[in-house]
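In what follows, a single structure is set out as structure tokens and then discussed.
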Amino acid sequence: MAETAAADKQEMQKVAGPWKEAWRGFRKSKVAVVGMGIVIFFILLAIFGPLFTPQGINEQNLSQRLLPPSGDHWMGTDDFGRDILSRVVYGARISLWVGFLAVIGSVVVGSILGILAGYYGRWVDTIISRLFDIMLAFPSILLAIAVVSVLGPSLRNALIAIAIINVPNFGRLIRSKVLSIKEDEYIMSAKAIGMKDNRILVSHILPNSMAPVIVQGTLAIATAIIEAAALGFLGLGAQAPSPEWGKMLADSRSYLTNAPWTMIFPGVAIMLTVLGFNLMGDGLRDALDPRMKS
Amino acid sequence: MDERKTILDVKGLRTSFFTDDGEVPAVDNVDFHIRQGEVLGIVGESGCGKSVTSLSIMGLVPSPPGKIVSGEILFQDKDLTKLSDKEMRQIRGDDIAMIFQEPMTSLNPLFTIGNQLREALKIHKKDWSKSQIQERAVEMMKLVGLPRAEALLNDYPHQLSGGMRQRVMIAMALLCDPKVLIADEPTTALDVTIQAQILKLIKNLNERLDTAVLLITHDLGVVAETCERVVVMYAGKVVEEGPVHTIFNDPQHPYTRGLLESVPDMRFKKERLYSIPGNVPKPGSIKVGCKYAARCEFAFDRCRVEDPALYQTAEDHKTRCFLFDPKEAESHDRTVVES
């Protein structure tokens with residue numbers, strides 16, 4: 001009783017809808033806003049960056065190999081004389097694309113499986129949950145490598161692999177959320193007004209289980225970008241001459257001592273993107289979690 | 001005798017939960033009926049099967065493990081226990097509506113009040129236009145006494161107080177003019193002043209709309225204020241049934257007497273409030289005899305070996321107690337004198 005009263009008092013201060021309220025909470029955290037700033041910067045870079053790059057991504061100039069950063073090449077050049085800045089900028093497009101698509105894929109598949117498992121329970125739940133357990137028993141990158149080795153190395157297959165390995169995380173998250181939501185009284189009252197099961201799933205259970213998915217999704221984009229880079233680094237993701245950040249790191253290994261910029265800039269790009277998504281995800285979690293509100 | 005037509009007739013209803021320990025009957029051979037436009041109260045302690053009874057009528061017993069094992073629930077000559085899911089859905093919310101105990105969580109926090117009311121209407125009034133639906137929603141909000149109805153429709157549940165939310169729930173339940181409204185402890189979660197308002201509203205709407213109300217409660221005060229007839233339940237069985245004034249003035253079953261004695265009476269200052277010794281037995285734990293025997297101060301040998309039937313003691317008054325078995329008349333007289 002005291003708990004509901006406290007929650008009520010807290011809620012009485014709200015005037016807008018729950019999403020607007022979450023945004024207000026999100027804005028309060030400076031770190032989260034910085035994270036979102038980084039993310040927006042990289043998204044804009046990915047969309048518009050390639051229009052302004054000094055050089056084409058695969059434009060080779062063998063007379064200008066491994067030049068250090070200078071006025072002409074802000075991030076130096078690599079072993080084929082390609083401008084690293086241009087490649088890093090274009091790489092943002094690849095990494096974000098992979099991150100978003102892979103996570104959207106795992107969220108969609110994970111949500112469907114998680115909701116089915118949580119709502120219908122019984123054997124549906126047993127089958128789906130055991131499937132998740134099996135998938136989680138493998139180290140995720142190993143599973144990704146296994147998937148890619150079956151499908152063949154390419155960026156697209158790396159994306160599919162990353163989507164697959166993330167499915168159980170979302171599936172379990174949503175399943176547990178659905179399990180708690182389905183005991184809420186508004187589900188019973190929806191049934192009592194004659195609503196159909198699938199309508200209840202779509203209009204009551206799904207929207208109410210989305211908050212943790214949004215948080216987890218943001219954080220998972222960061223992980224997906226790292227995983228894509230890792231697969232690229234291992235030669236299982238993007239193939240040359242694609243300017244994928246992980247692939248660029250792998251290619252620059254041999255020049256680590258005499259041309260460290262070939263490695264530093266793609267590395268920093270990965271780090272910043274991942275940092276941005278992580279900060280934003282943390283901020284979202286605090287904004288969407290009622291317990292974190294002060 | 002009441003001339004009104006019986007609208008809902010529950011006959012020999014038995015709803016059980018199938019657990020690892022076998023079948024546990026939560027509602028056991030329950031009979032009662034509601035007439036058109038009547039307010040019937042079902043009273044009993046927690047765990048006596050009140051809520052399971054109401055969920056059985058709605059066809060919402062959580063299954064598994066729950067199941068209606070036997071009995072009939074006749075609504076307008078249709079047996080609700082035999083209907084398919086689809087047919088049952090058409091009755092739910094349209095002909096029989098239900099409101100719940102906890103108004104705080106009975107509304108989806110993510111959508112506006114208007115959104116949820118319109119959604120509820122769309123289920124049963126598929127051919128209604130948008131403006132008709134909107135009009136009806138506003139009309140119902142006004143009917144349940146909510147101020148500035150139009151503006152309130154754009155509010156989210158958390159912006160409303162508990163009493164207002166319960167009014168919204170009532171509005172939502174009455175949207176499609178149901179013949180029967182089941183109110184499962186509608187005022188338990190509200191504070192006393194709001195309780196009185198909500199009860200008054202339910203009573204008022206019952207008279208205006210001629211909707212029969214099945215009011216489920218553990219609060220005898222609520223029953224006295226609102227109901228015409230009362231069904232007292234104990235351990236999944238109906239132990240006494242009768243008009244509200246008879247039950248209050250001349251309670252027959254020892255359990256009903258115990259319940260009434262446990263209500264604080266402001267007129268007499270008693271040292272301590274009476275309480276019935278013991279607890280409600282766990283469903284299924286008592287296999288033979290009267291379920292109340294262990295707690296009953298009048299219990300005699302027969303009570304422990306034989307299950308009493310529901311004895312008709314007056315035209316509209318029934319009691320499940322051997323004290324009222326015509327055959328036991330002698331011992332009955334003796335006991336009453338002694339008590």
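Residues are referred to by chain and number: the chain letter is A, B, ... according to the order shown in the structure tokens, the number counts from 1 in that chain, and ligands are numbered separately from 1 in the order shown.
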Surrounding residues of Asn108 (chain B) excluding itself and chain neighbours under 2 positions, 9 Å, only C-alpha atoms, as a JSON list (two decimals) with C-alpha atoms, in the first residue's frame:
[["chain", "number", "residue", "atom", "x", "y", "z"],
["A", 185, "GLU", "CA", -4.80, -6.46, -13.56],
["A", 186, "TYR", "CA", -5.23, -4.53, -16.77],
["A", 187, "ILE", "CA", -4.65, -7.75, -18.65],
["A", 204, "HIS", "CA", -1.18, -4.31, -23.90],
["A", 208, "ASN", "CA", 4.42, -2.44, -21.79],
["B", 105, "THR", "CA", -3.39, -1.30, -11.93],
["B", 106, "SER", "CA", -6.57, -2.10, -13.83],
["B", 110, "LEU", "CA", 0.77, 3.52, -21.43],
["B", 111, "PHE", "CA", -2.50, 4.65, -22.97],
["B", 112, "THR", "CA", -4.91, 7.48, -22.29],
["B", 113, "ILE", "CA", -8.25, 6.82, -20.63],
["B", 116, "GLN", "CA", -8.84, 2.45, -23.54],
["B", 156, "TYR", "CA", -3.19, 8.97, -18.59],
["B", 157, "PRO", "CA", -4.24, 6.66, -15.75]]
Report as a tab-separated table the residues of chain B within 8 Å of chain A, each with its shortest atom pair and distance in Å (one decimal), using only C-alpha atoms, ordered by chain and increasing residue number.
residue	atom	partner	partner_atom	distance
B:Met58	CA	A:Ala192	CA	7.1
B:Leu60	CA	A:Ala192	CA	7.7
B:Met88	CA	A:Gly194	CA	7.8
B:Arg89	CA	A:Gly194	CA	4.4
B:Gln90	CA	A:Gly194	CA	6.2
B:Ile91	CA	A:Gly194	CA	7.2
B:Arg92	CA	A:Gly194	CA	4.8
B:Gly93	CA	A:Ile193	CA	3.7
B:Asp94	CA	A:Ile193	CA	7.2
B:Ala97	CA	A:Ala192	CA	6.4
B:Met98	CA	A:Ala192	CA	6.1
B:Ile99	CA	A:Ser189	CA	7.2
B:Phe100	CA	A:Ser189	CA	7.4
B:Glu102	CA	A:Glu185	CA	7.3
B:Thr105	CA	A:Glu185	CA	5.6
B:Ser106	CA	A:Tyr186	CA	4.0
B:Leu107	CA	A:Tyr186	CA	5.0
B:Asn108	CA	A:Tyr186	CA	5.7
B:Pro109	CA	A:Pro18	CA	7.9
B:Leu110	CA	A:Pro18	CA	6.4
B:Ala120	CA	A:Ile193	CA	6.4
B:Ile123	CA	A:Met195	CA	6.7
B:Tyr156	CA	A:Gly17	CA	6.6
B:His158	CA	A:Glu11	CA	5.8
B:Gln159	CA	A:Met12	CA	5.6
B:Leu160	CA	A:Met12	CA	7.9
B:Ala173	CA	A:Ile193	CA	7.1
Just the residues within 9 Å of region 164-181 of chain A, please, counting only C-alpha atoms, with nothing from its chain fewer than 4 positions along; format it as a PyMOL selection string. chain A and resi 102-103+105-119+121+125+128-129+131-133+135-136+140-141+143-144+147+159-160+185-187+204-206+208-210+212-213+216-217+220+224
Would you pick out the contacts of region 181-197 of chain B at 8 Å or less, using only C-alpha atoms, so that residues sharing its chain but fewer than 6 positions from it are not included, and give the list as a PyMOL selection string? chain B and resi 51+54+96-103+162-163+166+173-174+211-218
Report as CSV: every residue of region 177-268 of chain A with an atom at most 12 Å from region 152-157 of chain A, its closest pair of atoms, and their distance in Å to one decimal, counting only C-alpha atoms, with rows sorted by chain and ascending residue number.
residue,atom,partner,partner_atom,distance
A:Ile225,CA,A:Leu155,CA,11.9
A:Glu227,CA,A:Leu155,CA,11.5
A:Ala228,CA,A:Leu155,CA,8.1
A:Ala229,CA,A:Leu155,CA,10.1
A:Ala230,CA,A:Leu155,CA,11.6
A:Leu231,CA,A:Leu155,CA,8.8
A:Gly232,CA,A:Leu155,CA,7.8
A:Phe233,CA,A:Leu155,CA,11.6
A:Leu234,CA,A:Pro153,CA,9.9
A:Gly235,CA,A:Pro153,CA,7.4
A:Leu236,CA,A:Pro153,CA,4.5
A:Gly237,CA,A:Leu155,CA,4.6
A:Ala238,CA,A:Leu155,CA,4.2
A:Gln239,CA,A:Ser154,CA,6.3
A:Ala240,CA,A:Ser154,CA,10.1
A:Pro241,CA,A:Leu155,CA,11.9
A:Ser242,CA,A:Leu155,CA,9.3
A:Pro243,CA,A:Leu155,CA,11.2
A:Glu244,CA,A:Leu155,CA,9.0
A:Trp245,CA,A:Leu155,CA,11.9
A:Gly246,CA,A:Leu155,CA,11.2
A:Lys247,CA,A:Leu155,CA,10.5
Choose the residue, out of B:Cys48, B:Met169, B:Leu220, B:Leu205, that has the smallest atom-to-atom separation from Pro281 (chain B); count only C-alpha atoms.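 Answer, going by the shortest atom-to-atom distance: B:Cys48.
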Apply DSSP to the structure's backbone, then extract all residues of region 55-294 of chain A labelled helix (DSSP H, G or I) and return them as an MDAnalysis selection string. chainID A and resid 62:64 84:120 122:137 140:151 155:181 185:192 197:208 210:233 245:251 253:255 261:288 290:292
As a ChimeraX atom specification, list the residues of region 219-302 of chain B assigned to strand (DSSP E) by DSSP on the backbone atoms of this structure. /B:229-234,237-243
Using only C-alpha atoms, which protein or nucleic acid residues come within 9 Å of Thr53 (chain A)? Drop anything in the same chain fewer than 4 positions from it, and give the result as a PyMOL selection string. chain A and resi 49+57+85-87+89-90
